[in-house]
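Next comes start.txt, with compact mmCIF, C-alpha atoms (C1' of nucleotides).
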# COMPACT_ATOMS: atom_id res chain seq x y z
CA MET A 29 0.00 0.00 0.00
CA LEU A 30 2.85 2.35 0.88
CA ASP A 31 4.49 1.84 -2.49
CA GLU A 32 1.19 2.29 -4.29
CA TYR A 33 -0.36 5.23 -2.47
CA GLY A 34 2.38 6.79 -0.34
CA LEU A 35 2.25 7.74 3.34
CA PRO A 36 -0.37 10.51 3.12
CA ASP A 37 -2.89 8.07 1.63
CA LEU A 38 -2.05 5.22 3.97
CA THR A 39 -5.19 5.72 6.01
CA MET A 40 -6.90 3.31 8.34
CA ARG A 41 -10.00 3.36 6.18
CA ARG A 42 -8.13 2.64 2.96
CA LEU A 43 -6.19 -0.13 4.66
CA ALA A 44 -9.44 -1.65 5.87
CA LEU A 45 -10.84 -1.43 2.35
CA THR A 46 -7.78 -3.25 0.97
CA LEU A 47 -8.27 -5.99 3.54
CA ASN A 48 -12.01 -6.24 2.82
CA VAL A 49 -12.78 -5.39 6.39
CA GLN A 50 -14.50 -2.64 8.34
CA PRO A 51 -12.19 0.13 9.66
CA SER A 52 -13.10 -0.71 13.24
CA ALA A 53 -11.72 -4.22 12.78
CA LEU A 54 -8.18 -2.82 12.66
CA TYR A 55 -8.54 -1.63 16.24
CA TRP A 56 -8.68 -5.16 17.51
CA HIS A 57 -5.13 -5.70 16.16
CA PHE A 58 -3.59 -2.30 16.82
CA GLU A 59 -4.31 0.16 19.56
CA ASN A 60 -4.19 3.08 17.12
CA LYS A 61 -2.63 4.33 13.92
CA GLN A 62 0.60 5.32 15.65
CA THR A 63 1.37 1.80 16.84
CA LEU A 64 0.48 0.43 13.43
CA LEU A 65 2.94 2.82 11.79
CA ALA A 66 5.57 1.87 14.36
CA ALA A 67 5.13 -1.76 13.31
CA VAL A 68 5.51 -0.72 9.67
CA SER A 69 8.70 1.16 10.59
CA ASP A 70 10.08 -1.97 12.18
CA ARG A 71 9.46 -3.95 9.03
CA ILE A 72 11.09 -1.32 6.87
CA VAL A 73 14.19 -1.09 9.05
CA ARG A 74 14.59 -4.84 9.39
CA GLY A 75 14.34 -5.12 5.60
CA THR A 76 18.04 -5.07 4.89
CA ARG A 77 20.11 -7.43 6.96
CA VAL A 78 23.76 -6.59 7.05
CA VAL A 79 26.28 -9.15 5.85
CA HIS A 80 27.92 -10.36 8.99
CA HIS A 81 31.10 -8.31 8.97
CA GLY A 82 33.99 -10.36 10.26
CA GLU A 83 36.48 -8.24 12.13
CA THR A 84 36.46 -4.96 10.28
CA ASP A 85 37.19 -1.73 12.13
CA TRP A 86 34.37 0.33 13.63
CA ALA A 87 34.51 2.93 10.86
CA SER A 88 33.82 0.43 8.08
CA ALA A 89 31.17 -1.25 10.21
CA VAL A 90 29.38 2.06 10.68
CA ARG A 91 29.68 2.84 7.00
CA ILE A 92 28.22 -0.51 6.03
CA GLU A 93 25.40 -0.22 8.53
CA ALA A 94 24.52 3.28 7.39
CA GLU A 95 24.46 2.16 3.77
CA ALA A 96 22.26 -0.81 4.65
CA LEU A 97 19.80 1.35 6.57
CA ARG A 98 19.64 3.83 3.72
CA ASN A 99 18.86 1.01 1.29
CA ALA A 100 16.19 -0.34 3.60
CA LEU A 101 14.51 3.07 3.77
CA LEU A 102 14.81 3.60 0.02
CA SER A 103 13.20 0.24 -0.72
CA PHE A 104 9.76 1.57 0.25
CA ARG A 105 8.06 4.70 -0.94
CA ASP A 106 8.17 7.30 1.85
CA GLY A 107 10.15 4.81 3.95
CA ALA A 108 12.22 7.46 5.72
CA GLU A 109 9.20 9.59 6.54
CA VAL A 110 7.34 6.64 7.99
CA VAL A 111 10.23 5.89 10.34
CA LEU A 112 10.74 9.59 11.04
CA SER A 113 7.08 10.07 11.95
CA SER A 114 6.93 7.13 14.29
CA GLN A 115 10.25 7.78 15.98
CA ALA A 116 9.01 11.29 16.61
CA LEU A 117 6.73 9.50 19.02
CA GLY A 118 9.54 7.54 20.58
CA LEU A 119 8.72 4.36 18.72
CA GLY A 120 9.87 2.49 15.67
CA ALA A 121 13.51 3.43 15.23
CA GLY A 122 14.87 1.45 18.14
CA GLU A 123 16.23 -1.28 15.90
CA ALA A 124 18.06 1.20 13.69
CA LEU A 125 19.59 2.93 16.70
CA ALA A 126 20.68 -0.39 18.16
CA ARG A 127 22.41 -1.43 14.95
CA LEU A 128 24.28 1.85 14.64
CA THR A 129 25.27 1.74 18.30
CA ALA A 130 26.58 -1.81 17.93
CA ALA A 131 28.75 -0.81 14.98
CA ILE A 132 30.13 2.20 16.84
CA HIS A 133 30.73 0.05 19.89
CA LEU A 134 33.44 -1.81 17.96
CA GLY A 135 35.47 1.37 18.44
CA ASP A 136 35.22 1.00 22.21
CA PHE A 137 34.23 4.58 23.00
CA ASP A 138 32.73 6.01 26.14
CA GLU A 139 29.16 4.78 26.44
CA ARG A 140 27.63 8.26 26.41
CA VAL A 141 29.67 9.12 23.35
CA GLU A 142 28.40 6.02 21.61
CA ARG A 143 24.78 6.86 22.35
CA ALA A 144 25.08 10.47 21.23
CA ALA A 145 27.00 9.53 18.11
CA ALA A 146 24.47 6.86 17.13
CA ALA A 147 21.67 9.40 17.54
CA ALA A 148 23.58 11.88 15.37
CA PHE A 149 24.05 9.26 12.66
CA LEU A 150 20.38 8.35 12.77
CA HIS A 151 19.21 11.96 12.60
CA PHE A 152 21.40 12.61 9.60
CA LEU A 153 20.37 9.38 7.96
CA LEU A 154 16.63 9.87 8.32
CA GLY A 155 16.83 13.51 7.32
CA HIS A 156 18.91 12.86 4.27
CA VAL A 157 16.91 9.92 2.95
CA SER A 158 13.56 11.57 3.53
CA HIS A 159 14.86 14.52 1.56
CA GLU A 160 16.01 12.14 -1.16
CA GLN A 161 12.63 10.45 -1.35
CA GLN A 162 10.84 13.74 -1.50
CA ARG A 163 12.95 14.58 -4.55
CA ILE A 164 12.29 11.19 -6.12
CA GLN A 165 8.56 11.74 -5.72
CA ALA A 166 8.68 15.26 -7.12
CA ASP A 167 10.63 14.00 -10.13
CA SER A 168 8.19 11.19 -10.76
CA LEU A 169 5.34 13.68 -10.82
CA GLY A 170 7.24 15.67 -13.41
CA VAL A 171 7.46 18.64 -11.09
CA VAL A 172 10.37 20.85 -12.03
CA ILE A 173 11.89 22.61 -9.05
CA SER A 174 15.41 23.21 -10.32
CA SER A 175 15.67 26.82 -11.36
CA GLN A 176 17.19 28.16 -14.57
CA GLY A 177 19.62 26.46 -16.85
CA ALA A 178 19.91 23.21 -14.96
CA LYS A 179 19.70 20.47 -17.53
CA PRO A 180 17.05 17.81 -17.09
CA SER A 181 19.95 15.90 -15.50
CA ASP A 182 19.22 12.24 -16.05
CA VAL A 183 18.11 10.10 -13.18
CA ASP A 184 21.42 8.22 -13.00
CA THR A 185 23.73 11.14 -12.36
CA GLU A 186 21.13 12.48 -9.95
CA ALA A 187 21.16 9.22 -8.00
CA ARG A 188 24.97 9.27 -7.89
CA ARG A 189 24.96 12.80 -6.55
CA GLU A 190 22.57 11.82 -3.78
CA ARG A 191 24.69 8.83 -2.85
CA ASP A 192 27.80 10.98 -2.82
CA SER A 193 26.36 13.59 -0.49
CA PHE A 194 25.06 10.81 1.76
CA ASP A 195 28.50 9.23 1.91
CA PHE A 196 30.00 12.63 2.54
CA GLY A 197 27.76 13.20 5.55
CA VAL A 198 28.60 9.77 6.93
CA SER A 199 32.28 10.50 6.42
CA LEU A 200 32.00 13.79 8.28
CA LEU A 201 30.54 12.06 11.31
CA ILE A 202 33.03 9.20 11.19
CA ALA A 203 35.97 11.58 10.89
CA GLY A 204 34.62 13.58 13.81
CA LEU A 205 34.23 10.47 15.88
CA ALA A 206 37.76 9.38 14.99
CA VAL A 207 39.13 12.65 16.33
CA GLN A 208 37.07 12.11 19.47
CA SER A 209 38.73 8.74 20.04
CA GLU A 210 42.18 10.31 19.86
CA VAL A 211 41.17 12.91 22.40
CA ALA A 212 39.99 10.18 24.75
CA ARG A 213 43.25 8.30 25.06
CA MET B 135 -1.76 28.83 18.87
CA LEU B 136 1.24 26.55 18.42
CA ASP B 137 2.31 27.07 22.02
CA GLU B 138 -1.21 26.56 23.28
CA TYR B 139 -2.40 23.59 21.23
CA GLY B 140 0.66 22.09 19.55
CA LEU B 141 1.14 21.14 15.91
CA PRO B 142 -1.43 18.32 15.73
CA ASP B 143 -4.19 20.69 16.81
CA LEU B 144 -3.06 23.57 14.62
CA THR B 145 -5.84 23.01 12.11
CA MET B 146 -7.21 25.40 9.54
CA ARG B 147 -10.61 25.27 11.19
CA ARG B 148 -9.28 26.01 14.65
CA LEU B 149 -7.14 28.83 13.27
CA ALA B 150 -10.21 30.28 11.57
CA LEU B 151 -12.11 30.02 14.84
CA THR B 152 -9.35 31.88 16.68
CA LEU B 153 -9.49 34.63 14.07
CA ASN B 154 -13.29 34.81 14.19
CA VAL B 155 -13.51 33.96 10.55
CA GLN B 156 -14.83 31.17 8.36
CA PRO B 157 -12.28 28.45 7.42
CA SER B 158 -12.66 29.29 3.75
CA ALA B 159 -11.44 32.83 4.42
CA LEU B 160 -7.92 31.51 5.07
CA TYR B 161 -7.69 30.33 1.48
CA TRP B 162 -7.71 33.84 0.21
CA HIS B 163 -4.45 34.46 2.11
CA PHE B 164 -2.74 31.08 1.68
CA GLU B 165 -2.96 28.61 -1.15
CA ASN B 166 -3.18 25.71 1.28
CA LYS B 167 -2.10 24.48 4.70
CA GLN B 168 1.39 23.56 3.50
CA THR B 169 2.27 27.08 2.43
CA LEU B 170 0.82 28.43 5.65
CA LEU B 171 3.05 26.10 7.66
CA ALA B 172 6.01 27.11 5.53
CA ALA B 173 5.34 30.72 6.51
CA VAL B 174 5.15 29.68 10.15
CA SER B 175 8.50 27.88 9.75
CA ASP B 176 10.04 31.03 8.39
CA ARG B 177 8.90 33.00 11.40
CA ILE B 178 10.23 30.40 13.80
CA VAL B 179 13.64 30.23 12.13
CA ARG B 180 14.00 33.99 11.85
CA GLY B 181 13.18 34.26 15.55
CA THR B 182 16.74 34.26 16.82
CA ARG B 183 19.03 36.68 15.09
CA VAL B 184 22.69 35.94 15.55
CA VAL B 185 24.91 38.56 17.12
CA HIS B 186 26.99 39.79 14.23
CA HIS B 187 30.17 37.85 14.76
CA GLY B 188 33.20 39.93 13.90
CA GLU B 189 35.93 37.82 12.39
CA THR B 190 35.73 34.56 14.23
CA ASP B 191 36.81 31.36 12.55
CA TRP B 192 34.30 29.25 10.66
CA ALA B 193 34.07 26.65 13.42
CA SER B 194 32.90 29.13 16.07
CA ALA B 195 30.59 30.75 13.55
CA VAL B 196 28.95 27.42 12.83
CA ARG B 197 28.70 26.62 16.51
CA ILE B 198 27.04 29.94 17.25
CA GLU B 199 24.64 29.60 14.33
CA ALA B 200 23.68 26.07 15.34
CA GLU B 201 23.04 27.20 18.90
CA ALA B 202 20.93 30.11 17.69
CA LEU B 203 18.84 27.92 15.43
CA ARG B 204 18.31 25.43 18.22
CA ASN B 205 17.10 28.21 20.50
CA ALA B 206 14.78 29.52 17.80
CA LEU B 207 13.21 26.08 17.38
CA LEU B 208 12.95 25.54 21.13
CA SER B 209 11.16 28.86 21.61
CA PHE B 210 7.94 27.47 20.13
CA ARG B 211 6.15 24.31 21.03
CA ASP B 212 6.76 21.70 18.30
CA GLY B 213 8.97 24.24 16.55
CA ALA B 214 11.36 21.64 15.13
CA GLU B 215 8.54 19.46 13.85
CA VAL B 216 6.88 22.38 12.13
CA VAL B 217 10.08 23.18 10.24
CA LEU B 218 10.75 19.50 9.63
CA SER B 219 7.30 18.94 8.18
CA SER B 220 7.46 21.89 5.85
CA GLN B 221 11.00 21.32 4.67
CA ALA B 222 9.94 17.78 3.87
CA LEU B 223 8.01 19.55 1.15
CA GLY B 224 11.01 21.55 0.02
CA LEU B 225 9.85 24.72 1.71
CA GLY B 226 10.48 26.57 4.91
CA ALA B 227 14.02 25.71 5.92
CA GLY B 228 15.76 27.74 3.24
CA GLU B 229 16.68 30.49 5.67
CA ALA B 230 18.22 28.03 8.12
CA LEU B 231 20.23 26.35 5.39
CA ALA B 232 21.46 29.69 4.11
CA ARG B 233 22.65 30.76 7.55
CA LEU B 234 24.53 27.51 8.14
CA THR B 235 26.05 27.66 4.67
CA ALA B 236 27.20 31.23 5.23
CA ALA B 237 28.93 30.27 8.47
CA ILE B 238 30.64 27.29 6.86
CA HIS B 239 31.66 29.45 3.92
CA LEU B 240 33.98 31.37 6.23
CA GLY B 241 36.14 28.25 6.08
CA ASP B 242 36.45 28.58 2.32
CA PHE B 243 35.67 25.00 1.38
CA ASP B 244 34.71 23.56 -1.94
CA GLU B 245 31.19 24.70 -2.78
CA ARG B 246 29.77 21.19 -3.00
CA VAL B 247 31.34 20.39 0.34
CA GLU B 248 29.73 23.45 1.89
CA ARG B 249 26.29 22.53 0.60
CA ALA B 250 26.50 18.92 1.74
CA ALA B 251 27.91 19.91 5.13
CA ALA B 252 25.18 22.51 5.71
CA ALA B 253 22.55 19.91 4.88
CA ALA B 254 24.15 17.48 7.31
CA PHE B 255 24.13 20.10 10.07
CA LEU B 256 20.51 20.93 9.40
CA HIS B 257 19.40 17.30 9.40
CA PHE B 258 21.12 16.68 12.69
CA LEU B 259 19.78 19.90 14.15
CA LEU B 260 16.15 19.33 13.22
CA GLY B 261 16.28 15.69 14.24
CA HIS B 262 17.85 16.39 17.59
CA VAL B 263 15.60 19.28 18.58
CA SER B 264 12.41 17.57 17.49
CA HIS B 265 13.45 14.64 19.64
CA GLU B 266 14.12 17.05 22.49
CA GLN B 267 10.72 18.66 22.16
CA GLN B 268 8.98 15.33 22.03
CA ARG B 269 10.63 14.52 25.37
CA ILE B 270 9.64 17.87 26.81
CA GLN B 271 6.05 17.25 25.83
CA ALA B 272 6.01 13.73 27.25
CA ASP B 273 7.43 15.02 30.53
CA SER B 274 4.87 17.78 30.76
CA LEU B 275 2.10 15.22 30.38
CA GLY B 276 3.61 13.24 33.22
CA VAL B 277 4.26 10.30 30.95
CA VAL B 278 7.04 8.14 32.29
CA ILE B 279 9.00 6.40 29.59
CA SER B 280 12.31 5.86 31.32
CA SER B 281 12.51 2.23 32.36
CA GLN B 282 13.63 0.91 35.73
CA GLY B 283 15.67 2.63 38.33
CA ALA B 284 16.13 5.92 36.53
CA LYS B 285 15.50 8.61 39.10
CA PRO B 286 12.89 11.21 38.29
CA SER B 287 15.93 13.22 37.21
CA ASP B 288 15.01 16.84 37.67
CA VAL B 289 14.34 19.01 34.68
CA ASP B 290 17.58 20.97 35.04
CA THR B 291 20.02 18.10 34.73
CA GLU B 292 17.85 16.72 31.96
CA ALA B 293 18.11 20.00 30.07
CA ARG B 294 21.89 20.04 30.53
CA ARG B 295 22.18 16.52 29.20
CA GLU B 296 20.20 17.46 26.10
CA ARG B 297 22.38 20.51 25.50
CA ASP B 298 25.51 18.42 25.94
CA SER B 299 24.48 15.80 23.43
CA PHE B 300 23.49 18.55 21.00
CA ASP B 301 26.88 20.20 21.38
CA PHE B 302 28.54 16.84 20.99
CA GLY B 303 26.79 16.23 17.66
CA VAL B 304 27.75 19.67 16.42
CA SER B 305 31.33 19.02 17.50
CA LEU B 306 31.41 15.73 15.61
CA LEU B 307 30.39 17.44 12.40
CA ILE B 308 32.78 20.35 12.89
CA ALA B 309 35.69 18.03 13.63
CA GLY B 310 34.85 16.01 10.55
CA LEU B 311 34.72 19.11 8.42
CA ALA B 312 38.05 20.29 9.83
CA VAL B 313 39.66 17.04 8.71
CA GLN B 314 38.09 17.56 5.30
CA SER B 315 39.75 20.94 4.99
CA GLU B 316 43.17 19.43 5.66
CA VAL B 317 42.61 16.80 3.02
CA ALA B 318 41.77 19.52 0.51
CA ARG B 319 45.01 21.40 0.70
C1' DA C 212 -10.21 43.09 -1.85
C1' DC C 213 -11.79 40.10 1.42
C1' DC C 214 -15.22 37.20 3.46
C1' DT C 215 -19.57 34.02 4.14
C1' DG C 216 -22.40 29.78 3.43
C1' DA C 217 -22.82 25.58 2.07
C1' DA C 218 -21.21 21.73 0.46
C1' DC C 219 -17.77 17.66 -0.89
C1' DA C 220 -15.05 14.03 0.18
C1' DC C 221 -12.84 12.48 3.41
C1' DC C 222 -10.43 11.35 8.41
C1' DG C 223 -9.36 8.39 13.33
C1' DT C 224 -11.70 6.22 16.94
C1' DT C 225 -15.33 4.08 20.04
C1' DC C 226 -18.53 0.73 21.31
C1' DA C 227 -22.45 -2.16 21.50
C1' DA C 228 -23.68 -6.07 19.18
C1' DG C 229 -23.04 -10.09 16.41
C1' DT C 230 -20.80 -14.99 15.26
C1' DA D 122 -11.31 -14.47 19.19
C1' DC D 123 -12.40 -11.52 15.70
C1' DC D 124 -15.53 -8.67 13.14
C1' DT D 125 -19.80 -5.58 11.78
C1' DG D 126 -22.79 -1.41 12.05
C1' DA D 127 -23.47 2.78 13.31
C1' DA D 128 -22.22 6.68 15.15
C1' DC D 129 -19.12 10.82 16.97
C1' DA D 130 -16.32 14.49 16.33
C1' DC D 131 -13.67 16.07 13.50
C1' DC D 132 -10.54 17.25 8.95
C1' DG D 133 -8.74 20.25 4.25
C1' DT D 134 -10.54 22.38 0.30
C1' DT D 135 -13.71 24.46 -3.33
C1' DC D 136 -16.74 27.74 -5.06
C1' DA D 137 -20.63 30.57 -5.87
C1' DA D 138 -22.27 34.45 -3.76
C1' DG D 139 -22.13 38.46 -0.95
C1' DT D 140 -20.20 43.41 0.54
Output the file's structure in the form of structure tokens.
Amino acid sequence: MLDEYGLPDLTMRRLALTLNVQPSALYWHFENKQTLLAAVSDRIVRGTRVVHHGETDWASAVRIEAEALRNALLSFRDGAEVVLSSQALGLGAGEALARLTAAIHLGDFDERVERAAAAAFLHFLLGHVSHEQQRIQADSLGVVISSQGAKPSDVDTEARRERDSFDFGVSLLIAGLAVQSEVAR
Amino acid sequence: MLDEYGLPDLTMRRLALTLNVQPSALYWHFENKQTLLAAVSDRIVRGTRVVHHGETDWASAVRIEAEALRNALLSFRDGAEVVLSSQALGLGAGEALARLTAAIHLGDFDERVERAAAAAFLHFLLGHVSHEQQRIQADSLGVVISSQGAKPSDVDTEARRERDSFDFGVSLLIAGLAVQSEVAR
DNA sequence: ACCTGAACACCGTTCAAGT
DNA sequence: ACCTGAACACCGTTCAAGT
């Protein structure tokens, strides 16, 4: 349904219709829409399992995990916004945070540093991908935002640019964390 | 209205009621709710003007700007979420991005680096503060989320912790960007 | 230029009652 | 255990018509 209609049209009533059921029936299975969306977030995040990395360093582990999470979010329409909206309520992104924290933990930092860094990674990640997906959607609707002189810029080079700026952001945070580790010892 | 009711209850109908006007009247002034919220975002972001920093280095400039933006967002209930929701539509956060970019520009980086870094700062900033405000709201409703053994932890130390983890995130990004500048030359 | 009145096509959620 | 029927209290938006 998400892929077909997008988040704004993922309503309880439409979901019930798809399931050939009355809207009220959904409330036997989920307390409300928020918890339902949290469950959807979980499924989205768990989508991409990371290849069990042997004994790589923490930086590569974080990079791999970030990439995997980005792919998981990108694999559903509005994926990032779904997770963003349900973590805004304190639900749904726990799994993602745990995975990032585990990767960082390989670097053996102070525990509070690890928590704060994982949160920073997650904030960047969700923000960036939701921005990406908003662009994807706008493009698919043929909406032209780019002002003056910018060529149609084929989808491929556009996708590369997005990936590059994502990697750049991840690199910034990793480099910052690396400096932090040198300060610590 | 935002401070009194919060974003979820900031509806066109309630706004009209507050203004002693019919809901349809609002549509003469704004094309739709999205553009109205974008205007609200603008006001929130412009709230805190930065003290004209003389000739500090780019790192302090960025730190000051980030702090100012955080304060602007915190000064309205659900401020971060308002901006987040309207920048998800490509509107509303332009001013914030411009200010961060200007501060970073003092460091004289590659233009693409500056853009990507400013975006990274903004994503972290909005994500962090919206998380903060969600916590504030939960606390004010007396909702206890913290599991087991965590003391009630007075509001003051809680606020300090939030500020610290915000500063930490900003520091991560700044340190990462500093490394980037060394690579460049 | 700015607003009203009335309508359209929806929402999420509750709750008694059914099977 | 799981669902229906019916209702409640709302939404955003449009558009002819008024002043």
Nearest to chain D, restricted to all atoms listed in the file and choosing among A:Ala53, A:Leu35, A:Leu97, A:Leu30, comes out as A:Ala53
Give as a PyMOL selection string every residue of chain D that touches chain A within 9 Å, counting only C-alpha atoms (C1' of nucleotides). chain D and resi 123-125
*Do you know which residues lie at most 9 Å from (30.0, 2.8, 11.2), with coordinates as in the file and all atoms listed in the file counted, and could you write them as a PyMOL selection string?*
chain A and resi 85-94+128-132+134+149+198+202
Contacts between chain B and chain A, please, where a residue of chain A counts if it comes within 10 Å (with all atoms listed in the file); show its shortest atom pair and distance in Å to one decimal, rows by chain and ascending number, as a tab-separated table.
residue	atom	partner	partner_atom	distance
A:Glu109	CA	B:Ala222	CA	8.6
A:Leu112	CA	B:Gly261	CA	8.8
A:Ser113	CA	B:Ser219	CA	9.6
A:Gln115	CA	B:His265	CA	8.4
A:Ala116	CA	B:His265	CA	6.3
A:Leu117	CA	B:Gln268	CA	6.9
A:Gly118	CA	B:Gln268	CA	7.9
A:Arg140	CA	B:Ser299	CA	8.7
A:Val141	CA	B:Phe302	CA	8.2
A:Arg143	CA	B:Ser299	CA	9.0
A:Ala144	CA	B:Ser299	CA	5.8
A:Ala145	CA	B:Gly303	CA	6.7
A:Ala146	CA	B:Gly303	CA	9.7
A:Ala147	CA	B:His262	CA	8.0
A:Ala148	CA	B:Gly303	CA	5.9
A:Phe149	CA	B:Phe258	CA	8.0
A:Leu150	CA	B:Phe258	CA	8.4
A:His151	CA	B:Gly261	CA	5.0
A:Phe152	CA	B:His257	CA	5.1
A:Leu153	CA	B:His257	CA	8.1
A:Leu154	CA	B:His257	CA	8.0
A:Gly155	CA	B:His257	CA	5.0
A:His156	CA	B:His257	CA	6.8
A:Ser158	CA	B:Ala222	CA	7.2
A:His159	CA	B:Ala222	CA	6.3
A:Glu160	CA	B:Ala222	CA	9.7
A:Gln161	CA	B:Ala222	CA	9.4
A:Gln162	CA	B:Ala222	CA	6.8
A:Arg163	CA	B:Gly224	CA	8.6
A:Ala166	CA	B:Leu223	CA	9.3
A:Ile173	CA	B:Gly224	CA	9.2
A:Glu190	CA	B:Ala250	CA	9.8
A:Asp192	CA	B:Ala250	CA	9.2
A:Ser193	CA	B:Ala250	CA	5.8
A:Phe194	CA	B:Ala250	CA	8.2
A:Asp195	CA	B:Ala250	CA	9.9
A:Phe196	CA	B:Ala250	CA	7.2
A:Gly197	CA	B:Ala254	CA	5.9
A:Val198	CA	B:Ala254	CA	8.9
A:Ser199	CA	B:Gly310	CA	7.3
A:Leu200	CA	B:Gly310	CA	4.3
A:Leu201	CA	B:Leu307	CA	5.5
A:Ile202	CA	B:Gly310	CA	7.1
A:Ala203	CA	B:Gly310	CA	4.6
A:Gly204	CA	B:Gly310	CA	4.1
A:Leu205	CA	B:Leu306	CA	6.0
A:Ala206	CA	B:Gly310	CA	8.5
A:Val207	CA	B:Ala309	CA	6.9
A:Gln208	CA	B:Leu306	CA	7.7
Here atom CA of Val263 of chain B and atom CA of Gly34 of chain A stand apart by 26.2 Å
For this session: Considering all atoms listed in the file, return as an MDAnalysis selection string whatever protein or nucleic-acid residues lie within 12 Å of DG133 of chain D, sequence-local ones (same chain, fewer than 2 positions apart) excluded.
Result: (chainID B and resid 145:148 157:158 160:161 165:168) or (chainID C and resid 219:222) or (chainID D and resid 131 135)
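The gap separating atom CA of Asp176 of chain B from atom CA of Ala227 of chain B is 7.1 Å, in Å to one decimal.
The spacing separating atom CA of Ala173 of chain B from atom CA of Asp212 of chain B amounts to 14.9 Å.
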